[in-house]
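Trainee: One structure, as structure tokens, below. Some questions next.
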Amino acid sequence: MVAGKLKQTAVYWGNPQSNGIGGRTFDEAVEIDVRWEQKQELFIDAAGQETRSNAVVYADQDVDMGGYLFLGKLIDLSSAEEGDPLAVDGAYEVRGFGSTPNLKADQSLRKIWL
């Protein structure tokens, strides 16, 4: 449904976990295929509040709320940035996520609001 349309690359940090001292840790950064639209769009966040996105991203895999996405490749980042999305200019937190299956229900389009 969308696999052939995801022509951009993003770096994704998933599985946000509390580090016990007020911060978060993430899984190792990975590259994923996306379609990134740098636009504002109204959506309902996890708290049920209407809010405005910084970008809308389409992907063919699930992402974690609270994870981070950066439009670019791992090679664009320093080793320190690879380990900490909060140190990356242009990395956005995943604040909304939705998944819609195709009519055969064998593929899904994931829409991510940042």
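Ordering of the structure tokens sets the chain letters (A, B, ...); residue numbers start at 1 within each chain; ligands are numbered from 1 in the order shown.
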Need the shell around A:Gly67: protein/DNA/RNA residues with any atom at most 8 Å away, counting only C-alpha atoms. Skip same-chain ones fewer than 4 positions apart. Format as JSON, numbers by chain?

Mentor: {"A": [12, 13, 14, 15, 16, 26, 63, 93, 94]}

Trainee: With the cut-off set at 10 Å and counting only C-alpha atoms, tabulate each residue of stretch 60-90 of chain A with an atom at most that distance from an atom of stretch 106-111 of chain A, showing the nearest atom pair and its distance in Å to one decimal, ordered by chain and increasing number, as JSON lines.

Mentor:
```
{"residue": "A:Asp60", "atom": "CA", "partner": "A:Leu109", "partner_atom": "CA", "distance": 5.9}
{"residue": "A:Gln61", "atom": "CA", "partner": "A:Arg110", "partner_atom": "CA", "distance": 6.6}
{"residue": "A:Asp62", "atom": "CA", "partner": "A:Arg110", "partner_atom": "CA", "distance": 6.7}
{"residue": "A:Val63", "atom": "CA", "partner": "A:Arg110", "partner_atom": "CA", "distance": 8.6}
```

Trainee: If you run DSSP over the backbone, which residues in chain A end up strand (DSSP E or B)? Put them as a short mmCIF file (atom, residue, chain, number, x, y, z; two decimals) with N, CA and C atoms, in the first residue's frame.

Mentor:
```cif
data_model
loop_
_atom_site.label_atom_id
_atom_site.label_comp_id
_atom_site.auth_asym_id
_atom_site.auth_seq_id
_atom_site.Cartn_x
_atom_site.Cartn_y
_atom_site.Cartn_z
N GLN A 8 11.83 8.64 1.78
CA GLN A 8 12.73 9.40 2.64
C GLN A 8 13.20 8.52 3.78
N THR A 9 14.28 8.94 4.42
CA THR A 9 14.84 8.20 5.55
C THR A 9 14.75 9.06 6.80
N ALA A 10 14.37 8.42 7.90
CA ALA A 10 14.35 9.10 9.20
C ALA A 10 15.09 8.23 10.21
N VAL A 11 15.65 8.89 11.20
CA VAL A 11 16.25 8.19 12.33
C VAL A 11 15.19 8.12 13.42
N TYR A 12 15.03 6.92 13.99
CA TYR A 12 13.99 6.69 15.00
C TYR A 12 14.61 6.16 16.28
N TRP A 13 14.25 6.82 17.40
CA TRP A 13 14.62 6.35 18.73
C TRP A 13 13.33 5.92 19.40
N GLN A 17 12.08 5.00 28.09
CA GLN A 17 11.97 4.50 29.46
C GLN A 17 12.52 5.54 30.42
N SER A 18 11.91 5.65 31.58
CA SER A 18 12.42 6.55 32.61
C SER A 18 13.78 6.05 33.07
N ARG A 24 14.98 10.29 30.29
CA ARG A 24 14.55 9.08 29.59
C ARG A 24 15.73 8.46 28.84
N THR A 25 15.64 7.16 28.67
CA THR A 25 16.57 6.44 27.80
C THR A 25 15.76 5.86 26.65
N VAL A 30 17.71 3.79 14.92
CA VAL A 30 17.66 3.01 13.68
C VAL A 30 17.09 3.89 12.58
N GLU A 31 17.41 3.53 11.34
CA GLU A 31 16.83 4.23 10.19
C GLU A 31 15.55 3.51 9.77
N ILE A 32 14.53 4.31 9.44
CA ILE A 32 13.28 3.76 8.89
C ILE A 32 12.89 4.56 7.65
N ASP A 33 12.13 3.91 6.77
CA ASP A 33 11.63 4.57 5.57
C ASP A 33 10.34 5.32 5.92
N VAL A 34 10.25 6.57 5.44
CA VAL A 34 9.11 7.42 5.77
C VAL A 34 8.74 8.31 4.59
N ARG A 35 7.60 8.95 4.74
CA ARG A 35 7.24 10.14 3.95
C ARG A 35 7.00 11.21 4.99
N TRP A 36 7.78 12.27 4.94
CA TRP A 36 7.78 13.33 5.96
C TRP A 36 7.16 14.56 5.35
N GLU A 37 6.12 15.07 5.98
CA GLU A 37 5.48 16.31 5.54
C GLU A 37 5.69 17.35 6.64
N LEU A 42 -3.91 19.77 12.96
CA LEU A 42 -4.56 19.55 14.25
C LEU A 42 -4.79 18.06 14.46
N PHE A 43 -4.54 17.59 15.69
CA PHE A 43 -4.80 16.20 16.05
C PHE A 43 -5.11 16.14 17.55
N ILE A 44 -5.63 15.01 17.98
CA ILE A 44 -5.92 14.80 19.39
C ILE A 44 -4.76 14.01 19.99
N GLU A 50 -6.78 18.71 21.88
CA GLU A 50 -6.51 19.09 20.49
C GLU A 50 -5.23 19.92 20.48
N THR A 51 -4.31 19.53 19.62
CA THR A 51 -3.02 20.21 19.54
C THR A 51 -2.57 20.26 18.09
N ARG A 52 -1.53 21.01 17.83
CA ARG A 52 -1.04 21.20 16.46
C ARG A 52 0.32 20.51 16.31
N VAL A 56 4.00 15.83 10.01
CA VAL A 56 3.23 14.60 9.89
C VAL A 56 4.09 13.62 9.10
N VAL A 57 4.22 12.40 9.63
CA VAL A 57 5.10 11.40 9.02
C VAL A 57 4.29 10.14 8.77
N TYR A 58 4.51 9.52 7.60
CA TYR A 58 3.90 8.24 7.27
C TYR A 58 4.99 7.18 7.27
N ALA A 59 4.69 6.01 7.84
CA ALA A 59 5.67 4.92 7.92
C ALA A 59 4.96 3.59 7.75
N TYR A 68 11.28 9.39 19.32
CA TYR A 68 11.70 10.56 18.55
C TYR A 68 12.02 10.18 17.11
N LEU A 69 11.75 11.12 16.21
CA LEU A 69 12.10 10.97 14.79
C LEU A 69 12.88 12.20 14.33
N PHE A 70 13.84 11.93 13.45
CA PHE A 70 14.66 12.98 12.83
C PHE A 70 14.72 12.69 11.34
N LEU A 71 14.41 13.67 10.52
CA LEU A 71 14.49 13.49 9.07
C LEU A 71 15.95 13.55 8.65
N ALA A 91 15.03 16.87 15.79
CA ALA A 91 14.40 15.62 16.24
C ALA A 91 13.12 15.99 16.98
N TYR A 92 12.03 15.32 16.62
CA TYR A 92 10.72 15.63 17.20
C TYR A 92 10.17 14.43 17.95
N GLU A 93 9.49 14.72 19.04
CA GLU A 93 8.84 13.67 19.84
C GLU A 93 7.57 13.19 19.14
N GLY A 96 1.53 11.71 18.58
CA GLY A 96 0.29 11.08 18.12
C GLY A 96 0.61 9.98 17.14
N PHE A 97 -0.21 8.94 17.14
CA PHE A 97 0.04 7.79 16.27
C PHE A 97 -1.29 7.15 15.90
N GLY A 98 -1.45 6.82 14.63
CA GLY A 98 -2.64 6.11 14.16
C GLY A 98 -2.26 5.10 13.10
N SER A 99 -3.04 4.04 12.98
CA SER A 99 -2.76 2.99 12.01
C SER A 99 -4.05 2.63 11.30
N THR A 100 -4.00 2.58 9.97
CA THR A 100 -5.18 2.24 9.16
C THR A 100 -4.82 1.08 8.23
N PRO A 101 -5.53 -0.06 8.36
CA PRO A 101 -5.25 -1.19 7.46
C PRO A 101 -5.85 -0.97 6.08
N SER A 108 -0.71 -1.98 6.72
CA SER A 108 -1.28 -0.81 7.39
C SER A 108 -0.43 0.42 7.11
N LEU A 109 -1.11 1.53 7.04
CA LEU A 109 -0.46 2.84 6.92
C LEU A 109 -0.42 3.44 8.31
N ARG A 110 0.77 3.82 8.75
CA ARG A 110 0.93 4.46 10.05
C ARG A 110 1.11 5.95 9.84
N LYS A 111 0.31 6.73 10.55
CA LYS A 111 0.41 8.18 10.51
C LYS A 111 0.88 8.64 11.87
N ILE A 112 1.93 9.47 11.86
CA ILE A 112 2.60 9.88 13.08
C ILE A 112 2.58 11.41 13.14
N TRP A 113 2.13 11.94 14.28
CA TRP A 113 2.13 13.38 14.46
C TRP A 113 3.27 13.72 15.42
#
```

Trainee: Could you pull out the alpha helix (DSSP H) residues of chain A, going by DSSP on the backbone, and write them as a count of residues only?

Mentor: 5

Trainee: Could you jot down the atom CA of A:Pro85 to atom CA of A:Gln49 separation for me, Å, one decimal place?

Mentor: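 Atom CA of A:Pro85 sits 24.7 Å away from atom CA of A:Gln49.
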
Trainee: May I ask which of the residues A:Ala46, A:Met65, A:Leu6, A:Ala29 is the closest one to A:Glu81, counting only C-alpha atoms?

Mentor: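 Smallest separation from A:Glu81 among the options: A:Ala29.
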
Trainee: Pick the closest to A:Gln38 from A:Lys104, A:Ser78, A:Gly83, A:Gly90: which is it, counting only C-alpha atoms?

Mentor: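 Checking each of A:Lys104, A:Ser78, A:Gly83, A:Gly90 against A:Gln38, counting only C-alpha atoms, the winner is A:Gly90.
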